[in-house]
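Below is upload-v6.txt, which holds compact mmCIF, C-alpha atoms.
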```txt
# COMPACT_ATOMS: atom_id res chain seq x y z
CA MET F 7 -11.16 -57.25 -78.74
CA ALA F 8 -13.76 -56.61 -76.02
CA PHE F 9 -13.34 -58.92 -73.05
CA LYS F 10 -16.11 -60.30 -70.89
CA THR F 11 -15.36 -58.79 -67.48
CA THR F 12 -15.88 -59.89 -63.89
CA ALA F 13 -17.45 -57.86 -61.09
CA SER F 14 -14.00 -56.40 -60.37
CA GLY F 15 -13.80 -55.05 -63.91
CA ASN F 16 -10.98 -57.41 -64.92
CA PRO F 17 -11.24 -59.73 -67.93
CA GLU F 18 -12.39 -63.27 -67.37
CA LEU F 19 -9.32 -65.50 -67.46
CA ALA F 20 -9.04 -69.02 -68.83
CA VAL F 21 -5.98 -71.17 -68.09
CA VAL F 22 -5.34 -74.14 -70.38
CA LEU F 23 -2.95 -76.76 -69.02
CA ALA F 24 -1.48 -78.46 -72.09
CA GLU F 25 0.19 -81.47 -70.49
CA SER F 26 1.87 -82.96 -73.52
CA SER F 27 5.52 -83.56 -74.43
CA ALA F 28 4.89 -85.65 -77.57
CA GLY F 29 6.54 -83.07 -79.83
CA ALA F 30 9.84 -83.15 -77.94
CA PRO F 31 12.65 -85.75 -77.86
CA ARG F 32 12.33 -86.32 -74.11
CA LYS F 33 9.47 -86.41 -71.65
CA GLY F 34 9.01 -84.16 -68.63
CA SER F 35 7.57 -80.92 -69.98
CA GLU F 36 4.09 -82.39 -69.52
CA LEU F 37 4.74 -81.89 -65.79
CA GLY F 38 5.47 -78.20 -66.23
CA PRO F 39 1.93 -76.76 -66.37
CA ASP F 40 0.78 -78.14 -63.05
CA ALA F 41 4.10 -77.31 -61.38
CA ILE F 42 3.79 -73.68 -62.50
CA LEU F 43 0.14 -73.33 -61.56
CA GLN F 44 0.50 -74.94 -58.14
CA SER F 45 3.57 -72.88 -57.21
CA GLY F 46 1.28 -70.13 -55.96
CA LEU F 47 0.37 -68.75 -59.38
CA LEU F 48 -3.24 -69.97 -59.27
CA GLY F 49 -3.93 -68.13 -56.02
CA HIS F 50 -2.30 -65.00 -57.42
CA LEU F 51 -4.46 -65.19 -60.53
CA GLN F 52 -7.61 -65.76 -58.50
CA SER F 53 -6.91 -62.81 -56.22
CA HIS F 54 -6.66 -60.55 -59.27
CA PHE F 55 -9.14 -61.98 -61.75
CA GLY F 56 -11.61 -63.68 -59.40
CA LYS F 57 -12.87 -66.90 -60.91
CA VAL F 58 -10.33 -68.54 -63.18
CA HIS F 59 -11.50 -71.14 -65.73
CA VAL F 60 -8.91 -73.95 -65.56
CA CYS F 61 -8.97 -76.61 -68.28
CA LYS F 62 -6.58 -79.55 -68.22
CA LEU F 63 -5.59 -81.39 -71.37
CA SER F 64 -3.78 -84.60 -70.47
CA SER F 65 -1.12 -86.00 -72.75
CA ARG F 66 -3.02 -89.29 -72.66
CA SER F 67 -6.01 -87.67 -74.36
CA GLY F 68 -3.93 -87.06 -77.49
CA ALA F 69 -2.04 -90.33 -77.61
CA SER F 70 -2.21 -92.49 -80.72
CA GLU F 71 -1.52 -96.19 -80.28
CA GLU F 72 0.30 -96.49 -83.60
CA ASP F 73 2.16 -93.36 -84.57
CA LEU F 74 4.80 -94.03 -87.18
CA ASP F 75 7.00 -91.27 -88.56
CA TYR F 76 5.51 -89.37 -91.48
CA ALA F 77 7.39 -86.94 -93.75
CA LYS F 78 10.27 -87.01 -91.23
CA MET F 79 7.95 -85.97 -88.36
CA LYS F 80 8.06 -87.95 -85.12
CA ARG F 81 4.76 -88.85 -83.41
CA PRO F 82 2.82 -86.69 -85.90
CA ARG F 83 -0.66 -88.14 -85.22
CA THR F 84 -0.36 -87.73 -81.46
CA VAL F 85 0.91 -84.16 -81.78
CA SER F 86 -1.75 -83.31 -84.36
CA LYS F 87 -4.54 -84.63 -82.14
CA THR F 88 -3.16 -82.87 -79.06
CA THR F 89 -2.69 -79.53 -80.78
CA GLN F 90 -6.16 -79.72 -82.31
CA SER F 91 -7.58 -80.18 -78.80
CA ILE F 92 -5.55 -77.17 -77.59
CA HIS F 93 -6.78 -75.20 -80.60
CA ASP F 94 -10.40 -76.03 -79.78
CA LEU F 95 -10.05 -74.94 -76.13
CA VAL F 96 -8.27 -71.67 -76.93
CA TYR F 97 -10.68 -70.95 -79.79
CA SER F 98 -13.69 -71.50 -77.53
CA HIS F 99 -12.40 -69.28 -74.71
CA ILE F 100 -11.43 -66.46 -77.09
CA GLN F 101 -14.88 -66.64 -78.66
CA GLN F 102 -16.40 -66.31 -75.20
CA GLY F 103 -14.46 -63.10 -74.62
CA ARG F 104 -11.87 -64.47 -72.21
CA LEU F 105 -8.18 -63.72 -71.89
CA VAL F 106 -6.39 -67.05 -72.37
CA LEU F 107 -3.20 -68.31 -70.74
CA THR F 108 -1.89 -71.68 -71.96
CA LEU F 109 0.83 -73.50 -70.04
CA GLY F 110 2.77 -76.22 -71.86
CA GLY F 111 4.06 -78.77 -72.42
CA ASP F 112 6.55 -78.76 -75.27
CA HIS F 113 6.66 -76.03 -77.90
CA SER F 114 4.56 -77.95 -80.42
CA ASN F 115 1.62 -76.95 -78.20
CA ALA F 116 1.91 -73.47 -79.74
CA ILE F 117 0.51 -74.85 -82.99
CA GLY F 118 -2.79 -75.15 -81.15
CA THR F 119 -2.62 -71.86 -79.25
CA LEU F 120 -1.65 -69.67 -82.21
CA THR F 121 -4.21 -71.18 -84.58
CA GLY F 122 -6.89 -71.08 -81.89
CA THR F 123 -6.41 -67.38 -81.19
CA THR F 124 -6.20 -66.53 -84.88
CA GLY F 125 -9.21 -68.60 -85.88
CA ALA F 126 -11.46 -67.09 -83.21
CA LEU F 127 -10.43 -63.49 -83.90
CA HIS F 128 -10.71 -63.97 -87.65
CA LEU F 129 -14.22 -65.37 -87.30
CA ASN F 130 -15.52 -62.79 -84.83
CA HIS F 131 -13.61 -59.67 -85.82
CA GLY F 132 -12.19 -60.31 -89.28
CA GLN F 133 -8.64 -59.80 -88.02
CA ARG F 134 -5.57 -61.80 -87.22
CA PRO F 135 -3.54 -61.06 -84.10
CA ALA F 136 0.00 -59.81 -84.03
CA VAL F 137 2.27 -62.51 -82.62
CA ILE F 138 5.32 -61.77 -80.49
CA CYS F 139 7.48 -64.83 -79.88
CA VAL F 140 10.09 -64.79 -77.13
CA ASP F 141 12.30 -67.78 -77.84
CA ALA F 142 15.94 -68.82 -78.10
CA HIS F 143 14.96 -70.46 -81.39
CA VAL F 144 12.69 -69.37 -84.21
CA SER F 145 10.99 -72.79 -84.25
CA ILE F 146 10.00 -72.46 -87.88
CA ASN F 147 11.58 -75.59 -89.36
CA THR F 148 9.38 -77.33 -91.91
CA PRO F 149 9.27 -81.14 -91.75
CA ASP F 150 11.36 -81.59 -94.90
CA VAL F 151 14.32 -79.59 -93.54
CA SER F 152 14.05 -80.32 -89.82
CA PRO F 153 17.35 -81.76 -88.51
CA SER F 154 15.56 -83.85 -85.86
CA GLY F 155 11.96 -84.44 -86.96
CA ASN F 156 10.78 -83.27 -83.54
CA ILE F 157 7.66 -81.14 -83.98
CA HIS F 158 8.51 -78.83 -81.07
CA GLY F 159 10.87 -77.17 -83.57
CA MET F 160 8.05 -76.58 -86.10
CA PRO F 161 5.23 -74.59 -84.41
CA LEU F 162 5.67 -71.40 -86.44
CA ALA F 163 5.98 -73.40 -89.65
CA PHE F 164 2.51 -74.91 -89.16
CA ALA F 165 0.96 -71.78 -87.63
CA THR F 166 2.04 -69.66 -90.63
CA GLY F 167 1.19 -72.22 -93.30
CA LEU F 168 4.81 -72.67 -94.41
CA ALA F 169 4.31 -76.31 -93.43
CA ARG F 170 1.16 -78.09 -94.55
CA CYS F 171 0.01 -81.69 -94.45
CA GLN F 172 -3.13 -83.15 -95.96
CA GLU F 173 -2.52 -86.67 -94.70
CA LYS F 174 -5.56 -87.81 -92.75
CA GLY F 175 -5.05 -87.25 -89.03
CA ILE F 176 -1.84 -85.22 -89.43
CA PHE F 177 -2.53 -81.48 -89.15
CA ASP F 178 -5.27 -81.71 -91.75
CA TRP F 179 -7.49 -79.77 -89.34
CA ILE F 180 -5.54 -76.51 -89.85
CA ARG F 181 -7.45 -74.12 -92.14
CA GLN F 182 -6.41 -70.97 -93.94
CA ASP F 183 -8.29 -68.76 -91.49
CA HIS F 184 -6.28 -70.28 -88.62
CA LEU F 185 -2.93 -69.02 -89.96
CA ILE F 186 -1.06 -66.12 -88.41
CA ASP F 187 0.08 -63.15 -90.51
CA MET F 188 3.84 -63.30 -91.07
CA LYS F 189 3.86 -59.51 -91.52
CA LYS F 190 2.61 -59.19 -87.93
CA LEU F 191 5.07 -61.71 -86.48
CA VAL F 192 8.07 -60.68 -84.37
CA CYS F 193 10.65 -62.92 -82.68
CA ILE F 194 12.71 -61.62 -79.74
CA GLY F 195 15.71 -63.17 -77.98
CA THR F 196 16.75 -65.63 -80.69
CA ARG F 197 20.31 -66.98 -80.76
CA ASP F 198 20.11 -70.52 -82.19
CA ILE F 199 18.78 -70.57 -85.76
CA ASP F 200 19.25 -73.41 -88.24
CA ASP F 201 20.52 -72.53 -91.73
CA GLU F 202 17.26 -73.62 -93.33
CA GLU F 203 15.34 -71.43 -90.90
CA LYS F 204 17.49 -68.44 -91.86
CA THR F 205 16.44 -68.98 -95.46
CA LEU F 206 12.75 -69.11 -94.53
CA ILE F 207 13.12 -65.97 -92.42
CA GLU F 208 14.77 -64.07 -95.28
CA GLU F 209 12.35 -65.31 -97.95
CA ASN F 210 9.29 -64.38 -95.88
CA GLU F 211 10.77 -61.19 -94.38
CA ILE F 212 10.04 -62.26 -90.81
CA LYS F 213 11.16 -59.72 -88.22
CA VAL F 214 13.70 -61.22 -85.81
CA PHE F 215 15.48 -59.39 -83.01
CA GLY F 216 18.34 -61.60 -81.85
CA MET F 217 20.46 -61.27 -78.74
CA ASP F 218 23.07 -59.32 -80.72
CA ASP F 219 20.39 -56.71 -81.52
CA ILE F 220 19.39 -56.56 -77.85
CA GLN F 221 23.00 -56.09 -76.75
CA ARG F 222 23.46 -53.34 -79.33
CA HIS F 223 20.25 -51.36 -78.75
CA GLY F 224 19.01 -52.41 -75.31
CA ILE F 225 15.84 -54.29 -74.52
CA ASP F 226 13.63 -51.20 -74.16
CA SER F 227 14.50 -49.98 -77.66
CA ILE F 228 13.98 -53.45 -79.10
CA ILE F 229 10.51 -53.71 -77.58
CA THR F 230 9.66 -50.27 -78.94
CA MET F 231 10.83 -51.33 -82.41
CA ALA F 232 8.82 -54.55 -82.18
CA LEU F 233 5.64 -52.71 -81.22
CA GLU F 234 6.18 -50.14 -83.96
CA TYR F 235 6.66 -52.95 -86.45
CA ILE F 236 3.32 -54.59 -85.70
CA GLY F 237 1.67 -51.17 -85.80
CA ASP F 238 -1.73 -50.19 -84.47
CA GLN F 239 -2.72 -53.73 -83.55
CA ARG F 240 -5.73 -54.32 -81.31
CA SER F 241 -4.84 -57.94 -80.50
CA ILE F 242 -1.51 -59.46 -79.49
CA HIS F 243 -0.67 -63.09 -78.80
CA LEU F 244 2.49 -63.47 -76.69
CA SER F 245 4.17 -66.84 -77.21
CA CYS F 246 7.05 -67.65 -74.82
CA ASP F 247 9.48 -70.52 -74.71
CA ILE F 248 11.18 -70.44 -71.31
CA ASP F 249 14.53 -71.13 -73.01
CA ALA F 250 14.50 -67.53 -74.26
CA LEU F 251 15.90 -66.76 -70.81
CA ASP F 252 19.53 -67.43 -70.08
CA PRO F 253 20.05 -70.80 -68.33
CA GLU F 254 20.99 -68.83 -65.21
CA TRP F 255 17.27 -68.05 -64.87
CA ALA F 256 15.73 -71.11 -66.50
CA MET F 257 17.99 -74.15 -66.38
CA SER F 258 15.11 -76.67 -66.25
CA ALA F 259 14.21 -76.21 -69.90
CA GLY F 260 14.10 -78.53 -72.85
CA HIS F 261 16.88 -77.02 -74.97
CA LEU F 262 19.30 -74.74 -73.14
CA VAL F 263 21.15 -72.05 -75.09
CA PRO F 264 23.64 -69.79 -73.25
CA GLY F 265 23.67 -66.03 -73.72
CA GLY F 266 19.95 -65.44 -73.39
CA LEU F 267 17.68 -62.82 -71.90
CA SER F 268 18.06 -61.94 -68.26
CA LEU F 269 14.92 -62.39 -66.20
CA GLN F 270 14.62 -58.60 -65.98
CA GLN F 271 14.76 -58.30 -69.76
CA GLY F 272 12.14 -61.02 -70.22
CA VAL F 273 9.83 -59.38 -67.72
CA SER F 274 10.35 -56.02 -69.45
CA VAL F 275 9.03 -57.53 -72.69
CA ALA F 276 6.02 -59.00 -70.89
CA ARG F 277 5.18 -55.77 -69.06
CA ARG F 278 5.44 -53.61 -72.16
CA ILE F 279 3.03 -55.91 -73.97
CA HIS F 280 0.63 -55.69 -71.02
CA GLU F 281 0.85 -51.90 -71.13
CA THR F 282 -0.45 -51.86 -74.71
CA GLY F 283 -3.78 -53.16 -73.39
CA ASN F 284 -3.94 -55.44 -76.43
CA LEU F 285 -2.90 -58.82 -75.03
CA VAL F 286 -5.56 -61.42 -75.83
CA ALA F 287 -3.63 -64.66 -75.30
CA MET F 288 -0.34 -65.96 -73.97
CA ASP F 289 1.39 -69.30 -73.98
CA LEU F 290 4.45 -70.37 -72.04
CA VAL F 291 6.12 -73.69 -72.80
CA GLU F 292 9.08 -76.03 -72.21
CA VAL F 293 9.44 -75.87 -68.41
CA ASN F 294 10.68 -79.39 -67.67
CA PRO F 295 10.93 -80.29 -63.96
CA THR F 296 12.93 -83.45 -64.77
CA ILE F 297 15.88 -81.48 -66.20
CA ASN F 298 18.46 -79.94 -63.84
CA VAL F 299 16.20 -80.56 -60.87
CA ASP F 300 18.24 -78.24 -58.64
CA GLY F 301 17.11 -75.39 -60.86
CA VAL F 302 13.41 -76.25 -61.07
CA ASP F 303 12.28 -73.76 -58.42
CA GLN F 304 14.13 -70.88 -60.09
CA THR F 305 12.80 -71.88 -63.51
CA ILE F 306 9.24 -71.92 -62.20
CA ARG F 307 9.74 -68.54 -60.49
CA SER F 308 11.00 -67.15 -63.78
CA ALA F 309 8.00 -68.56 -65.64
CA CYS F 310 5.64 -67.00 -63.10
CA ALA F 311 7.44 -63.65 -63.41
CA LEU F 312 6.89 -63.62 -67.18
CA ILE F 313 3.24 -64.54 -66.75
CA THR F 314 2.47 -62.01 -64.02
CA GLY F 315 4.30 -59.33 -65.97
CA ALA F 316 2.24 -59.96 -69.09
CA LEU F 317 -1.02 -60.08 -67.11
CA GLY F 318 -0.22 -56.92 -65.15
CA LEU F 319 -0.16 -58.55 -61.74
CA GLY F 320 3.16 -57.16 -60.54
CA ALA F 321 5.57 -59.18 -58.44
```
Let me see the file written as structure tokens.
Amino acid sequence: MAFKTTASGNPELAVVLAESSAGAPRKGSELGPDAILQSGLLGHLQSHFGKVHVCKLSSRSGASEEDLDYAKMKRPRTVSKTTQSIHDLVYSHIQQGRLVLTLGGDHSNAIGTLTGTTGALHLNHGQRPAVICVDAHVSINTPDVSPSGNIHGMPLAFATGLARCQEKGIFDWIRQDHLIDMKKLVCIGTRDIDDEEKTLIEENEIKVFGMDDIQRHGIDSIITMALEYIGDQRSIHLSCDIDALDPEWAMSAGHLVPGGLSLQQGVSVARRIHETGNLVAMDLVEVNPTINVDGVDQTIRSACALITGALGLGA
């Protein structure tokens, strides 16, 4: 993908603040985007990229007054409306040749980011991006097997088409050309997978590198294997849930799972993806400043380290 560049020769950058926690069981992650951006990240981005296009999507803009459960999904109309708005913003910026960074919000926001990137690239270039997910979970539960009904556990299910809904106002906006290619999908850092998700992974031959693989081979070898798996891919979407990191580095997250990536390992993944020169979009979700408030500053620093690593900004 050819980026529109600034006078400095860097790509134009768009930052989407997806301030919604409707897909999660507790509020707070809607505060994450602004906390990350205002921690000093915005100034860092501006010093490197020049003008940064910042778009804020408030959780209130996606709220539905009456949002009853549907097919076991909680708040499905609100999440559908919110993710469609995220999709539209990401889609528009990709079409305009910009590198896009989306800050969430809960992980359901990735339904909008992944379909937005894919839809724009498919329309303009006839291709679908490779997707590298860094996450403690695979987040590919379909509504019928989800243990909780919370849509933040379903983003890959909807973004791949494994989950579909034709009910008016509930993800009926997702089209075939929005769906990511499961043969170009890699998950790194997983360690908490539901039984039903394991079945979906096996049936669809989705490439997953869990923490046991990383301990056995080392993070550098795992990244190399992941990049070899997706092949000669001109476009990569990096999708990060902050809980991929061990709670030592990100304790203010929505669903903590011990035994995760060290911050150094997470940054290594981000930097290697930057070095390919093929990153077109990134999302980072689930920073929740209301959880373990003593760890908020470290969690935000970790989030910024992943972002700056992926964007090639250094420390």
Sorted per-residue table, range 253-291 of chain F near range 101-113 of chain F, closest atoms and distance, 6 Å, all atoms listed in the file, as CSV:
```
residue,atom,partner,partner_atom,distance
F:Val286,CA,F:Leu105,CA,5.3
F:Ala287,CA,F:Val106,CA,4.7
F:Met288,CA,F:Leu107,CA,4.9
F:Asp289,CA,F:Thr108,CA,4.5
F:Leu290,CA,F:Leu109,CA,5.2
F:Val291,CA,F:Gly110,CA,4.3
```
Take the residues from that selection and write them out as a short mmCIF file (atom, residue, chain, number, x, y, z; two decimals), in the frame of the given file, keeping C-alpha atoms.
```cif
data_model
loop_
_atom_site.label_atom_id
_atom_site.label_comp_id
_atom_site.auth_asym_id
_atom_site.auth_seq_id
_atom_site.Cartn_x
_atom_site.Cartn_y
_atom_site.Cartn_z
CA VAL F 286 -5.56 -61.42 -75.83
CA ALA F 287 -3.63 -64.66 -75.30
CA MET F 288 -0.34 -65.96 -73.97
CA ASP F 289 1.39 -69.30 -73.98
CA LEU F 290 4.45 -70.37 -72.04
CA VAL F 291 6.12 -73.69 -72.80
#
```
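Interatomic distance, CA of Asp300 in chain F against CA of Leu48 in chain F: 23.0 Å.
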Leaving out range 175-187 of chain F and any residue of its chain fewer than 6 positions from it, which residues lie within 9 Å of it when counting only C-alpha atoms, given as a short mmCIF file (atom, residue, chain, number, x, y, z; two decimals) with C-alpha atoms, in the frame of the given file?
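Generated output (selection03.cif):
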```cif
data_model
loop_
_atom_site.label_atom_id
_atom_site.label_comp_id
_atom_site.auth_asym_id
_atom_site.auth_seq_id
_atom_site.Cartn_x
_atom_site.Cartn_y
_atom_site.Cartn_z
CA TYR F 76 5.51 -89.37 -91.48
CA PRO F 82 2.82 -86.69 -85.90
CA ARG F 83 -0.66 -88.14 -85.22
CA THR F 84 -0.36 -87.73 -81.46
CA VAL F 85 0.91 -84.16 -81.78
CA SER F 86 -1.75 -83.31 -84.36
CA LYS F 87 -4.54 -84.63 -82.14
CA THR F 89 -2.69 -79.53 -80.78
CA GLN F 90 -6.16 -79.72 -82.31
CA LEU F 120 -1.65 -69.67 -82.21
CA THR F 121 -4.21 -71.18 -84.58
CA GLY F 122 -6.89 -71.08 -81.89
CA THR F 123 -6.41 -67.38 -81.19
CA THR F 124 -6.20 -66.53 -84.88
CA GLY F 125 -9.21 -68.60 -85.88
CA ALA F 126 -11.46 -67.09 -83.21
CA HIS F 128 -10.71 -63.97 -87.65
CA LEU F 129 -14.22 -65.37 -87.30
CA ARG F 134 -5.57 -61.80 -87.22
CA PRO F 135 -3.54 -61.06 -84.10
CA ALA F 136 0.00 -59.81 -84.03
CA VAL F 137 2.27 -62.51 -82.62
CA LEU F 162 5.67 -71.40 -86.44
CA PHE F 164 2.51 -74.91 -89.16
CA ALA F 165 0.96 -71.78 -87.63
CA THR F 166 2.04 -69.66 -90.63
CA GLY F 167 1.19 -72.22 -93.30
#
```
### Query
Any idea what's packed within 10 Å of Pro31 in chain F, counting only C-alpha atoms, ignoring anything in its chain fewer than 5 positions away? Could you give it as a ChimeraX atom specification?
/F:80,112,154-158,260
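With distances taken over all atoms listed in the file, F:Ile138 is the one residue among F:Ala256, F:Ala250, F:Leu168, F:Ile138 lying closest to Leu285 in chain F.
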### Query
Got a sec: who's within 10 Å of Trp255 in chain F, counting all atoms listed in the file, leaving out chain neighbours fewer than 3 positions off, as a PyMOL selection string?
chain F and resi 248-252+258+266-270+301-309
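Among the candidates F:Val273, F:Ala77, F:Cys193, F:Leu23, the residue lying nearest to Ala169 in chain F is F:Ala77 (atoms considered: all atoms listed in the file).
You can rank F:Ile212, F:Ile92, F:Leu317, F:Leu43 by their closest distance to Val144 in chain F using all atoms listed in the file, and at the top of that list sits F:Ile212.
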